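Content type compact mmCIF, C-alpha atoms, from the file final-v1.txt:
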# COMPACT_ATOMS: atom_id res chain seq x y z
CA MET A 1247 0.00 0.00 0.00
CA TYR A 1248 1.35 3.40 -0.96
CA ASP A 1249 1.33 6.21 1.60
CA LYS A 1250 0.29 3.81 4.32
CA ASN A 1251 1.25 6.17 7.14
CA LYS A 1252 -0.67 9.10 5.70
CA ILE A 1253 -3.78 7.06 5.08
CA VAL A 1254 -3.81 5.49 8.52
CA ALA A 1255 -3.17 8.83 10.19
CA GLY A 1256 -5.92 10.40 8.09
CA LEU A 1257 -8.33 7.63 8.97
CA VAL A 1258 -7.57 7.99 12.67
CA ILE A 1259 -8.20 11.74 12.49
CA PHE A 1260 -11.38 11.20 10.49
CA VAL A 1261 -12.78 8.65 12.94
CA ALA A 1262 -11.84 10.90 15.86
CA ILE A 1263 -13.70 13.87 14.34
CA VAL A 1264 -16.76 11.83 13.42
CA THR A 1265 -17.04 10.33 16.88
CA LEU A 1266 -16.26 13.61 18.63
CA PRO A 1267 -19.86 14.23 19.75
CA PHE A 1268 -19.86 10.84 21.47
CA TRP A 1269 -16.57 11.55 23.24
CA TYR A 1270 -17.71 15.02 24.12
CA ASN A 1271 -20.89 13.81 25.81
CA LEU A 1272 -19.34 10.72 27.36
CA GLY A 1273 -20.39 10.36 30.95
CA LYS A 1274 -22.71 13.32 30.77
CA ALA A 1275 -25.79 11.27 29.97
CA THR A 1276 -28.55 11.80 32.47
CA SER A 1277 -31.54 9.65 33.08
CA ALA A 1278 -34.93 10.73 31.81
CA PRO A 1279 -36.37 13.29 34.18
CA GLU A 1280 -39.27 12.47 36.44
CA PRO A 1281 -41.65 15.39 36.87
CA LYS A 1282 -42.12 16.19 40.52
CA LEU A 1283 -45.73 16.12 41.63
CA SER A 1284 -46.94 18.71 44.06
CA GLU A 1285 -48.44 17.56 47.34
CA LYS A 1286 -51.84 18.51 46.05
CA ALA A 1287 -51.44 16.43 42.90
CA LYS A 1288 -50.18 13.48 44.92
CA ALA A 1289 -53.18 13.67 47.20
CA ALA A 1290 -55.57 13.80 44.24
CA LYS A 1291 -54.09 10.51 42.91
CA GLU A 1292 -55.61 10.80 39.44
CA CYS A 1293 -55.66 13.58 36.89
CA VAL A 1294 -58.47 14.20 34.39
CA VAL A 1295 -57.52 10.96 32.64
CA PRO A 1296 -55.25 8.12 33.83
CA LYS A 1297 -51.57 8.95 34.19
CA VAL A 1298 -50.37 6.96 31.15
CA ASP A 1299 -52.79 8.76 28.87
CA MET A 1300 -51.91 12.06 30.45
CA LYS A 1301 -48.23 11.45 29.75
CA SER A 1302 -48.76 10.76 26.08
CA GLU A 1303 -51.78 12.90 25.30
CA HIS A 1304 -51.78 15.99 27.50
CA MET A 1305 -50.95 18.19 24.54
CA GLN A 1306 -53.94 16.97 22.55
CA ILE A 1307 -56.16 17.32 25.61
CA LEU A 1308 -54.98 20.89 26.18
CA ASP A 1309 -55.55 21.72 22.54
CA LEU A 1310 -59.05 20.25 22.61
CA TRP A 1311 -59.86 21.99 25.85
CA ARG A 1312 -58.85 25.40 24.64
CA ASP A 1313 -61.16 25.09 21.64
CA THR A 1314 -63.98 23.81 23.81
CA VAL A 1315 -63.58 26.66 26.28
CA VAL A 1316 -62.99 29.50 23.86
CA ARG A 1317 -65.43 28.49 21.14
CA ASP A 1318 -68.19 26.53 22.87
CA ALA A 1319 -67.95 28.20 26.30
CA ASN A 1320 -67.93 24.76 27.93
CA ARG A 1321 -65.70 25.14 30.92
CA ALA A 1322 -66.59 22.23 33.18
CA TYR A 1323 -65.07 18.79 32.64
CA ASN A 1324 -66.82 15.92 34.35
CA THR A 1325 -64.68 12.78 34.41
CA GLY A 1326 -67.74 10.58 34.74
CA LYS A 1327 -66.34 9.33 38.03
CA GLY A 1328 -67.86 12.08 40.10
CA LYS A 1329 -65.13 14.68 39.68
CA THR A 1330 -65.48 18.01 37.91
CA PHE A 1331 -62.54 20.07 36.76
CA ASN A 1332 -62.27 23.67 35.66
CA MET A 1333 -61.05 23.47 32.07
CA SER A 1334 -58.39 26.07 32.45
CA LEU A 1335 -54.62 26.04 32.29
CA SER A 1336 -53.84 28.59 34.92
CA THR A 1337 -56.91 30.08 36.56
CA GLY A 1338 -58.54 28.81 39.71
CA GLU A 1339 -58.05 26.01 42.19
CA ASP A 1340 -59.14 23.09 40.05
CA SER A 1341 -57.34 24.17 36.88
CA CYS A 1342 -54.15 22.46 35.64
CA MET A 1343 -51.78 24.76 37.46
CA GLY A 1344 -54.13 24.96 40.43
CA CYS A 1345 -53.04 21.42 41.22
CA HIS A 1346 -49.64 21.24 39.53
CA GLU A 1347 -48.48 24.33 41.31
CA ASN A 1348 -44.87 24.33 40.26
CA LYS A 1349 -44.18 24.92 36.59
CA ALA A 1350 -40.42 24.46 36.89
CA GLU A 1351 -40.70 21.12 38.66
CA PHE A 1352 -43.62 19.78 36.67
CA CYS A 1353 -43.82 21.17 33.12
CA ASP A 1354 -40.30 22.37 32.50
CA LYS A 1355 -38.53 19.25 33.68
CA CYS A 1356 -39.62 17.12 30.74
CA HIS A 1357 -40.06 19.95 28.29
CA ASN A 1358 -36.48 21.08 28.77
CA TYR A 1359 -35.19 17.53 28.53
CA ALA A 1360 -37.15 16.89 25.33
CA SER A 1361 -36.28 20.34 24.06
CA VAL A 1362 -39.88 21.33 23.43
CA ASP A 1363 -40.84 24.92 23.93
CA PRO A 1364 -44.61 25.34 24.08
CA TYR A 1365 -45.73 28.97 23.96
CA CYS A 1366 -48.33 28.67 26.75
CA TRP A 1367 -46.53 31.07 29.04
CA ASP A 1368 -46.16 33.85 26.51
CA CYS A 1369 -49.70 34.76 27.51
CA HIS A 1370 -50.84 32.59 30.40
CA ILE A 1371 -49.47 33.63 33.74
CA ALA A 1372 -47.58 30.87 35.48
CA PRO A 1373 -48.17 30.41 39.19
CA LYS A 1374 -45.57 32.07 41.39
CA GLU A 1375 -42.90 29.55 42.27
CA LYS A 1376 -42.56 29.08 45.99
CA LYS A 1377 -39.06 29.40 47.30
CA PRO A 1378 -37.66 26.18 48.81
CA GLU A 1379 -37.76 27.53 52.37
CA GLU A 1380 -41.46 28.26 52.05
CA ASN A 1381 -42.09 24.67 51.09
CA LYS A 1382 -40.60 23.34 54.29
CA MET B 910 -53.47 -44.43 5.20
CA GLY B 911 -55.88 -42.35 3.16
CA ASN B 912 -58.31 -42.42 6.00
CA SER B 913 -55.83 -41.01 8.49
CA ARG B 914 -54.90 -38.09 6.24
CA ARG B 915 -58.60 -37.28 5.91
CA SER B 916 -59.09 -37.26 9.67
CA PHE B 917 -55.91 -35.17 10.15
CA LEU B 918 -57.23 -32.51 7.78
CA LYS B 919 -60.56 -32.49 9.56
CA VAL B 920 -58.95 -31.93 12.96
CA ALA B 921 -56.57 -29.33 11.54
CA GLY B 922 -59.47 -27.47 9.93
CA ILE B 923 -61.53 -27.37 13.10
CA THR B 924 -58.54 -26.26 15.13
CA ALA B 925 -57.80 -23.43 12.69
CA LEU B 926 -61.42 -22.36 12.88
CA GLY B 927 -61.28 -22.41 16.67
CA ILE B 928 -58.12 -20.28 16.79
CA GLY B 929 -59.63 -17.87 14.26
CA THR B 930 -62.84 -17.27 16.19
CA LYS B 931 -61.31 -16.62 19.59
CA PRO B 932 -60.12 -13.07 18.91
CA VAL B 933 -63.49 -12.26 17.35
CA LEU B 934 -65.30 -13.57 20.40
CA ASP B 935 -62.93 -11.61 22.64
CA VAL B 936 -63.83 -8.40 20.85
CA PHE B 937 -67.52 -9.11 21.28
CA ALA B 938 -66.99 -9.87 24.94
CA ALA B 939 -65.04 -6.65 25.48
CA SER B 940 -67.58 -4.43 23.77
CA GLY B 941 -70.36 -5.63 26.04
CA GLY B 942 -71.85 -3.44 28.76
CA HIS B 943 -69.75 -5.00 31.52
CA GLY B 944 -66.98 -2.85 32.95
CA ALA B 945 -67.31 -0.06 30.42
CA GLU B 946 -65.51 3.12 31.54
CA PRO B 947 -67.81 6.03 32.38
CA LYS B 948 -67.59 8.64 29.66
CA PRO B 949 -66.29 12.10 30.52
CA GLU B 950 -68.53 15.03 29.70
CA VAL B 951 -67.97 18.71 29.12
CA SER B 952 -70.56 21.33 29.91
CA GLN B 953 -71.04 24.95 30.83
CA ASN B 954 -70.59 25.96 34.42
CA GLU B 955 -73.82 25.68 36.35
CA GLU B 956 -73.69 29.30 37.44
CA ALA B 957 -72.98 30.62 33.90
CA LEU B 958 -75.14 33.42 32.60
CA THR B 959 -76.59 32.62 29.20
CA ALA B 960 -78.53 34.49 26.55
CA LYS B 961 -79.64 34.26 22.97
CA ARG B 962 -78.03 37.57 22.10
CA TRP B 963 -76.13 39.65 24.61
CA GLY B 964 -76.53 43.40 24.38
CA MET B 965 -75.69 46.55 26.26
CA VAL B 966 -77.34 49.91 26.86
CA ILE B 967 -75.16 52.82 27.97
CA ASP B 968 -76.97 55.70 29.62
CA THR B 969 -74.78 58.66 28.67
CA ARG B 970 -76.96 61.03 30.74
CA LYS B 971 -75.26 59.68 33.83
CA PHE B 972 -71.80 60.69 32.65
CA HIS B 973 -70.62 64.28 32.75
CA SER B 974 -66.90 64.26 32.18
CA ALA B 975 -63.99 62.00 31.34
CA GLU B 976 -63.41 61.43 35.06
CA ASP B 977 -66.74 59.63 35.27
CA LEU B 978 -65.56 57.11 32.71
CA ASP B 979 -62.14 56.48 34.18
CA PRO B 980 -63.11 54.04 36.95
CA ILE B 981 -65.12 51.97 34.46
CA ILE B 982 -62.30 51.86 31.94
CA GLU B 983 -59.84 51.03 34.67
CA ALA B 984 -61.98 48.18 35.97
CA CYS B 985 -62.07 46.64 32.49
CA HIS B 986 -58.42 47.13 31.67
CA LYS B 987 -57.24 45.86 35.02
CA ILE B 988 -59.24 42.67 34.84
CA HIS B 989 -58.12 41.89 31.32
CA ASN B 990 -54.45 42.73 31.72
CA VAL B 991 -54.61 45.53 29.17
CA PRO B 992 -51.21 47.23 28.99
CA GLU B 993 -50.81 50.96 29.46
CA LEU B 994 -48.78 52.19 26.55
CA THR B 995 -48.15 55.88 26.15
CA GLU B 996 -47.21 55.92 22.48
CA PRO B 997 -50.58 56.73 20.84
CA ARG B 998 -50.10 54.39 17.89
CA HIS B 999 -49.32 51.49 20.19
CA LYS B 1000 -52.20 52.02 22.60
CA ILE B 1001 -54.34 49.03 23.50
CA MET B 1002 -57.96 49.86 24.25
CA TRP B 1003 -60.89 47.61 25.08
CA LEU B 1004 -63.07 50.36 26.46
CA TRP B 1005 -62.44 54.06 26.08
CA GLY B 1006 -64.07 57.48 25.81
CA ASP B 1007 -64.46 59.56 22.68
CA GLU B 1008 -66.34 62.64 21.46
CA TYR B 1009 -69.75 62.61 19.83
CA LYS B 1010 -68.38 63.70 16.46
CA HIS B 1011 -66.11 60.65 16.36
CA VAL B 1012 -68.54 58.18 17.86
CA PHE B 1013 -71.69 59.10 15.93
CA THR B 1014 -70.04 60.31 12.74
CA HIS B 1015 -73.23 60.19 10.68
CA ARG B 1016 -75.22 62.29 13.14
CA GLU B 1017 -72.77 65.02 13.86
CA HIS B 1018 -73.47 68.66 12.95
CA GLU B 1019 -71.86 71.90 13.99
CA LEU B 1020 -74.83 73.27 15.95
CA ILE B 1021 -75.16 70.34 18.30
CA ASN B 1022 -75.92 71.24 21.92
CA ASP B 1023 -73.09 71.92 24.34
CA ARG B 1024 -73.66 68.96 26.61
CA ILE B 1025 -73.37 66.44 23.80
CA LYS B 1026 -70.54 68.29 22.08
CA HIS B 1027 -68.12 67.88 24.98
CA LEU B 1028 -69.45 64.71 26.54
CA PRO B 1029 -67.16 61.69 26.35
CA PHE B 1030 -68.96 58.59 25.13
CA LEU B 1031 -67.95 55.14 26.26
CA VAL B 1032 -67.03 53.07 23.24
CA LEU B 1033 -66.17 49.42 22.95
CA CYS B 1034 -66.61 46.49 20.58
CA ASN B 1035 -70.24 46.51 19.41
CA HIS B 1036 -70.50 42.72 19.14
CA CYS B 1037 -72.29 43.11 15.82
CA GLU B 1038 -74.96 40.83 14.55
CA LYS B 1039 -73.11 40.65 11.24
CA PRO B 1040 -69.53 41.30 12.25
CA ALA B 1041 -67.25 42.45 9.44
CA CYS B 1042 -64.17 41.38 11.41
CA VAL B 1043 -65.30 37.76 11.45
CA ARG B 1044 -65.67 37.73 7.68
CA ALA B 1045 -62.27 39.35 7.25
CA CYS B 1046 -60.35 37.01 9.53
CA PRO B 1047 -58.43 34.46 7.43
CA THR B 1048 -57.79 32.04 10.31
CA LYS B 1049 -61.17 32.14 12.07
CA ALA B 1050 -59.38 33.49 15.12
CA THR B 1051 -62.28 35.86 15.56
CA PHE B 1052 -65.74 34.36 15.49
CA LYS B 1053 -69.26 34.97 16.63
CA ARG B 1054 -70.56 32.81 19.40
CA ASP B 1055 -74.13 31.51 19.53
CA ASP B 1056 -74.95 34.03 22.25
CA GLY B 1057 -73.96 36.95 19.99
CA ILE B 1058 -70.57 37.65 21.52
CA VAL B 1059 -67.87 38.31 18.95
CA LEU B 1060 -64.87 36.66 20.48
CA MET B 1061 -61.20 36.25 19.74
CA ASP B 1062 -59.15 33.11 20.00
CA PHE B 1063 -55.80 34.68 20.76
CA HIS B 1064 -54.10 31.34 20.19
CA ARG B 1065 -55.08 31.45 16.60
CA CYS B 1066 -54.52 35.10 15.69
CA ILE B 1067 -51.67 35.57 13.23
CA GLY B 1068 -51.67 39.34 13.51
CA CYS B 1069 -52.62 40.14 9.93
CA ARG B 1070 -54.87 42.99 11.13
CA PHE B 1071 -57.50 42.43 8.43
CA CYS B 1072 -60.09 42.58 11.22
CA MET B 1073 -58.84 46.00 12.25
CA ALA B 1074 -59.27 47.25 8.72
CA ALA B 1075 -62.72 45.69 8.51
CA CYS B 1076 -64.11 46.97 11.82
CA PRO B 1077 -66.04 50.19 11.20
CA TYR B 1078 -65.81 51.16 14.88
CA GLY B 1079 -62.06 50.97 15.44
CA SER B 1080 -62.68 48.62 18.32
CA ARG B 1081 -59.57 46.57 17.85
CA SER B 1082 -56.02 47.15 18.96
CA PHE B 1083 -52.81 45.50 17.84
CA ASN B 1084 -49.92 44.53 20.07
CA PHE B 1085 -47.01 46.14 18.30
CA ARG B 1086 -44.76 45.18 21.19
CA ASP B 1087 -44.73 42.73 24.06
CA PRO B 1088 -47.46 44.01 26.38
CA ARG B 1089 -46.19 42.31 29.56
CA PRO B 1090 -43.78 45.03 30.75
CA PHE B 1091 -46.58 47.59 30.48
CA ILE B 1092 -49.07 45.81 32.69
CA LYS B 1093 -48.92 47.43 36.10
CA GLU B 1094 -50.64 44.73 38.04
CA GLU B 1095 -51.18 41.34 36.47
CA ASN B 1096 -54.52 39.67 37.05
CA LYS B 1097 -53.75 35.98 37.34
CA GLU B 1098 -57.29 35.00 36.44
CA PHE B 1099 -56.87 36.20 32.88
CA PRO B 1100 -54.04 35.69 30.41
CA THR B 1101 -52.08 38.52 28.88
CA ARG B 1102 -51.45 38.74 25.16
CA MET B 1103 -48.22 38.44 23.26
CA LYS B 1104 -46.62 40.62 20.64
CA GLY B 1105 -48.30 40.35 17.25
CA VAL B 1106 -51.91 39.62 18.14
CA VAL B 1107 -55.03 41.74 17.92
CA GLU B 1108 -57.27 42.20 20.94
CA LYS B 1109 -60.59 43.78 21.83
CA CYS B 1110 -63.47 43.75 24.29
CA ASN B 1111 -64.91 40.27 24.87
CA PHE B 1112 -68.10 41.33 26.70
CA CYS B 1113 -66.43 39.66 29.69
CA ALA B 1114 -67.16 36.18 28.36
CA GLU B 1115 -64.93 34.74 31.10
CA ARG B 1116 -67.01 36.48 33.78
CA LEU B 1117 -70.35 35.48 32.27
CA ALA B 1118 -69.11 31.88 32.40
CA VAL B 1119 -68.86 32.07 36.18
CA GLY B 1120 -72.11 33.94 36.67
CA LYS B 1121 -70.75 37.48 36.92
CA MET B 1122 -71.84 40.57 35.03
CA PRO B 1123 -69.24 42.33 32.85
CA ALA B 1124 -66.74 44.42 34.78
CA CYS B 1125 -67.83 47.71 33.20
CA VAL B 1126 -71.46 47.05 34.12
CA GLU B 1127 -70.50 46.42 37.73
CA ALA B 1128 -68.32 49.53 37.89
CA SER B 1129 -70.86 51.83 36.23
CA ASN B 1130 -73.26 52.27 39.16
CA GLY B 1131 -76.23 51.45 37.00
CA ALA B 1132 -75.30 53.58 33.99
CA ILE B 1133 -74.73 50.47 31.88
CA THR B 1134 -77.38 47.80 31.48
CA PHE B 1135 -76.48 44.39 30.14
CA GLY B 1136 -78.72 41.51 29.19
CA ASP B 1137 -80.43 39.39 26.60
CA LEU B 1138 -81.74 41.38 23.63
CA ASP B 1139 -83.81 38.41 22.51
CA ASP B 1140 -85.68 38.13 25.78
CA SER B 1141 -88.52 40.64 25.83
CA GLU B 1142 -88.69 40.39 29.63
CA SER B 1143 -85.04 41.27 30.19
CA GLU B 1144 -83.78 44.44 31.83
CA VAL B 1145 -82.08 45.72 28.66
CA ARG B 1146 -85.30 45.33 26.71
CA GLU B 1147 -87.15 47.24 29.41
CA VAL B 1148 -84.58 50.06 29.22
CA LEU B 1149 -84.78 50.05 25.42
CA ARG B 1150 -88.57 50.14 25.56
CA THR B 1151 -88.72 53.15 27.84
CA ASN B 1152 -85.85 55.24 26.44
CA TYR B 1153 -84.89 56.62 23.07
CA THR B 1154 -81.65 54.96 22.07
CA ILE B 1155 -79.21 55.22 19.18
CA ARG B 1156 -76.53 52.95 17.84
CA ARG B 1157 -73.23 53.68 16.14
CA LYS B 1158 -73.33 53.72 12.33
CA PRO B 1159 -76.44 51.53 12.00
CA ASP B 1160 -76.63 52.32 8.28
CA LEU B 1161 -73.63 50.08 7.67
CA GLY B 1162 -75.81 47.09 8.44
CA ALA B 1163 -73.47 45.47 10.91
CA GLY B 1164 -76.17 45.44 13.60
CA PRO B 1165 -74.26 46.64 16.67
CA SER B 1166 -75.48 45.34 20.04
CA VAL B 1167 -74.45 48.40 22.03
CA TYR B 1168 -77.12 51.07 22.43
CA TYR B 1169 -76.76 54.62 23.74
CA ILE B 1170 -79.29 56.73 25.59
CA VAL B 1171 -78.35 60.33 24.81
Represent the structure from my file as C-alpha cells, please.
Amino acid sequence: MYDKNKIVAGLVIFVAIVTLPFWYNLGKATSAPEPKLSEKAKAAKECVVPKVDMKSEHMQILDLWRDTVVRDANRAYNTGKGKTFNMSLSTGEDSCMGCHENKAEFCDKCHNYASVDPYCWDCHIAPKEKKPEENK
Amino acid sequence: MGNSRRSFLKVAGITALGIGTKPVLDVFAASGGHGAEPKPEVSQNEEALTAKRWGMVIDTRKFHSAEDLDPIIEACHKIHNVPELTEPRHKIMWLWGDEYKHVFTHREHELINDRIKHLPFLVLCNHCEKPACVRACPTKATFKRDDGIVLMDFHRCIGCRFCMAACPYGSRSFNFRDPRPFIKEENKEFPTRMKGVVEKCNFCAERLAVGKMPACVEASNGAITFGDLDDSESEVREVLRTNYTIRRKPDLGAGPSVYYIV
C-alpha cells in the first residue's frame, strides 16, 4: 500500500472527528427526568384521565380543551367518576396549574429535557414559584 | 393411510377455525356493557349566565366628564391585563371614551348642543350581529358565538390585522410590542397577550361563564345595562322600551349590540 502512514493517520483523524460528539458527551448522559408532583397532585391521585394517557396525550387534551372553552364556552369537565374540573390552564383552584403548582418542577422538567418549547406562558401567567424555604 | 390423512385434515381445519374465532369472540366480549368506563362530559358551568343575544345599553346622561368614565375603563383594563402604553399608535384599548363627532359620525353637525358636544362617550366592541371582522379574519381566530358575543381566540390570531381594517368602529387594537412590561398589576385570572396579536373587548365572556356581570357594568353604578336582547322580559329590553336609544353607524348594516341613551 502506498502512503500507508498518511492514510492510517488520516483515517484515525477522520474517525476521531466523526465520533467527537460521542466523546464530548461521554459520561454526561442523564436519566430521563421524572416530573415532581406537588403535594396537592399526589393527594388527588388521578388527573383528568389516567396517568399513562396524560403522559402521552396531555398536549392533545390541552388543545381540545382550549377550543372547547374559547369556542363553545364549555368550561366544566366531568370525568364521569364524580369529579369536575375547571377546564383552564392557569386560573382557579381546580385548573391544571391549580393542582400542579410548580411549573419548573412539573412542566419544565420534561419539556427542557425533550427540548420542546410550548408557547403557553407567553400569555398565560404561570403560578408564582414558591421558594424552597417556604415549602418546608 | 388415506383415511388417516382425511381425519388429520378435519382436525386441523376445526382447530384453525377455533383459533380464528377466539379473537373475534374476545372483541364481542369486550364491547359488552360490563366494565365499560364512564364517559367524561364537558358542559357549561352551572352558574354561567346565558342568553340568545347579549346586548348593552349605555346611559350617557349619567356621565358628565372624562373622570366619570375612568373608573369603568380602569376596571375593564385591570381585569383583562390591558397594557398601558403611552405611544398613541401602540395604545391598546378595550373600552375608552371619545367625542360625539367621532362616535356618531353620521349624526354630527356643527350646531349640536353643548352637553353632547363635549361629553365623552364610552365606546367598545359593538358585538355586531353581522360582524365584518369575522368575515375578514383568514384564520377564524375571531368568530361569533351563539350568544352573539364576537370573540377572539388569541391562540389562533396571526396578527394580519384584516379585522382591524374591517371593523367600522375601530374597536380593535394591535400589540405592536410585548405588552407584559406595560401591565402594572397582572390579574392571574386572565391571560395577557403576546406581541403580534389583535385584541378587543370580549363582553367579559370569562365572567359570564362564572355567573358574573361584565366588569364595566359592575363599575358603572347602573349607567350600563347588560342583558339578553332576545328576551322581551329582560332588563335591557325594558330600558330600550322606555328610552330613546341610538346605535353607532347603524346604516352600515353590521347590527351593533351596544345602544346609547343620549
- Item | Nearest candidate to chain B (options A:Glu1347, A:Asp1318, A:Asp1363, A:Glu1339; using all atoms listed in the file) |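 Checking each of A:Glu1347, A:Asp1318, A:Asp1363, A:Glu1339 against chain B, counting all atoms listed in the file, the winner is A:Asp1318.
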What separates CA of Lys1301 in chain A and CA of Ala1319 in chain A is a distance of 26.1 Å
Item to complete: Grab the CA of Lys1093 in chain B to CA of Val991 in chain B distance for me, in Å with one decimal place.
Response: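 Atom-to-atom, CA of Lys1093 in chain B and CA of Val991 in chain B are spaced 9.2 Å apart.
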Which residues come within 8 Å of Trp1003 in chain B, counting all atoms listed in the file, excluding same-chain residues fewer than 2 positions away, as a short mmCIF file (atom, residue, chain, number, x, y, z; two decimals) with C-alpha atoms, keeping the file's coordinate frame?
data_model
loop_
_atom_site.label_atom_id
_atom_site.label_comp_id
_atom_site.auth_asym_id
_atom_site.auth_seq_id
_atom_site.Cartn_x
_atom_site.Cartn_y
_atom_site.Cartn_z
CA CYS B 985 -62.07 46.64 32.49
CA HIS B 986 -58.42 47.13 31.67
CA VAL B 991 -54.61 45.53 29.17
CA ILE B 1001 -54.34 49.03 23.50
CA TRP B 1005 -62.44 54.06 26.08
CA LEU B 1033 -66.17 49.42 22.95
CA CYS B 1034 -66.61 46.49 20.58
CA SER B 1080 -62.68 48.62 18.32
CA ARG B 1081 -59.57 46.57 17.85
CA SER B 1082 -56.02 47.15 18.96
CA GLU B 1108 -57.27 42.20 20.94
CA LYS B 1109 -60.59 43.78 21.83
CA CYS B 1110 -63.47 43.75 24.29
#
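Shortest atom-to-atom contact with chain A among B:Ile967, B:Leu1028, B:Ala1118, B:Leu978: B:Ala1118, counting all atoms listed in the file.
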CA of His1036 in chain B and CA of Gly1057 in chain B are how many Å apart?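 It comes out at 6.8 Å.
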Could the residues of chain B within 7 Å of chain A, counting all atoms listed in the file, be given as a list of chain:residue names, please?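 Taking all atoms listed in the file into account, B:Pro947, B:Lys948, B:Pro949, B:Glu950, B:Val951, B:Ser952, B:Gln953, B:Asn954, B:Arg1054, B:Asp1062, B:Lys1097, B:Glu1098, B:Pro1100, B:Thr1101, B:Arg1102, B:Met1103 sit within 7 Å of chain A.
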Residues of the last selection are to be written out with C-alpha atoms, as a PDB file, keeping the file's coordinate frame.
ATOM      1  CA  PRO B 947     -67.810   6.030  32.380  1.00  0.00           C
ATOM      2  CA  LYS B 948     -67.590   8.640  29.660  1.00  0.00           C
ATOM      3  CA  PRO B 949     -66.290  12.100  30.520  1.00  0.00           C
ATOM      4  CA  GLU B 950     -68.530  15.030  29.700  1.00  0.00           C
ATOM      5  CA  VAL B 951     -67.970  18.710  29.120  1.00  0.00           C
ATOM      6  CA  SER B 952     -70.560  21.330  29.910  1.00  0.00           C
ATOM      7  CA  GLN B 953     -71.040  24.950  30.830  1.00  0.00           C
ATOM      8  CA  ASN B 954     -70.590  25.960  34.420  1.00  0.00           C
ATOM      9  CA  ARG B1054     -70.560  32.810  19.400  1.00  0.00           C
ATOM     10  CA  ASP B1062     -59.150  33.110  20.000  1.00  0.00           C
ATOM     11  CA  LYS B1097     -53.750  35.980  37.340  1.00  0.00           C
ATOM     12  CA  GLU B1098     -57.290  35.000  36.440  1.00  0.00           C
ATOM     13  CA  PRO B1100     -54.040  35.690  30.410  1.00  0.00           C
ATOM     14  CA  THR B1101     -52.080  38.520  28.880  1.00  0.00           C
ATOM     15  CA  ARG B1102     -51.450  38.740  25.160  1.00  0.00           C
ATOM     16  CA  MET B1103     -48.220  38.440  23.260  1.00  0.00           C
TER      17      MET B1103
END
Q. Which is closer to Lys1158 in chain B than all the others in B:Val1012, B:Val1032, B:Cys1072, B:Ala1132, using only C-alpha atoms?
A.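 With only C-alpha atoms as the atom set, the closest residue is B:Val1012.
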Inset, instruction - Quick one: everything within 9 Å of Phe1071 in chain B, counting all atoms listed in the file, minus sequence neighbours fewer than 2 positions away in the same chain. Send it as a list of chain:residue names. - result: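 The contact residues come out as B:Cys1042, B:Ala1045, B:Cys1046, B:Pro1047, B:Gly1068, B:Cys1069, B:Met1073, B:Ala1074, B:Ala1075, B:Cys1076.
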Now that the selection is made, can you save its residues with C-alpha atoms as a PDB file, in the frame of the given file?
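The result, stored in out_30.pdb:
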ATOM      1  CA  CYS B1042     -64.170  41.380  11.410  1.00  0.00           C
ATOM      2  CA  ALA B1045     -62.270  39.350   7.250  1.00  0.00           C
ATOM      3  CA  CYS B1046     -60.350  37.010   9.530  1.00  0.00           C
ATOM      4  CA  PRO B1047     -58.430  34.460   7.430  1.00  0.00           C
ATOM      5  CA  GLY B1068     -51.670  39.340  13.510  1.00  0.00           C
ATOM      6  CA  CYS B1069     -52.620  40.140   9.930  1.00  0.00           C
ATOM      7  CA  MET B1073     -58.840  46.000  12.250  1.00  0.00           C
ATOM      8  CA  ALA B1074     -59.270  47.250   8.720  1.00  0.00           C
ATOM      9  CA  ALA B1075     -62.720  45.690   8.510  1.00  0.00           C
ATOM     10  CA  CYS B1076     -64.110  46.970  11.820  1.00  0.00           C
TER      11      CYS B1076
END
Inset, instruction - Up to 10 Å from (-68.9, 39.2, 29.7) in the file's coordinates: name the residues, counting all atoms listed in the file, as a list in words. - result: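 The residues that fall inside the cut-off are Leu958, Trp963, Ile1058, Cys1110, Asn1111, Phe1112, Cys1113, Ala1114, Glu1115, Arg1116, Leu1117, Ala1118, Val1119, Gly1120, Lys1121, Met1122, Pro1123, Ala1124, Cys1125, Val1126 and Phe1135 of chain B.
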Surrounding residues of Pro1159 in chain B excluding itself and chain neighbours under 6 positions, 10 Å, all atoms listed in the file, as a short mmCIF file (atom, residue, chain, number, x, y, z; two decimals) with C-alpha atoms, in the frame of the given file:
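That gives us result34.cif:
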data_model
loop_
_atom_site.label_atom_id
_atom_site.label_comp_id
_atom_site.auth_asym_id
_atom_site.auth_seq_id
_atom_site.Cartn_x
_atom_site.Cartn_y
_atom_site.Cartn_z
CA PHE B 1013 -71.69 59.10 15.93
CA HIS B 1015 -73.23 60.19 10.68
CA PRO B 1165 -74.26 46.64 16.67
#
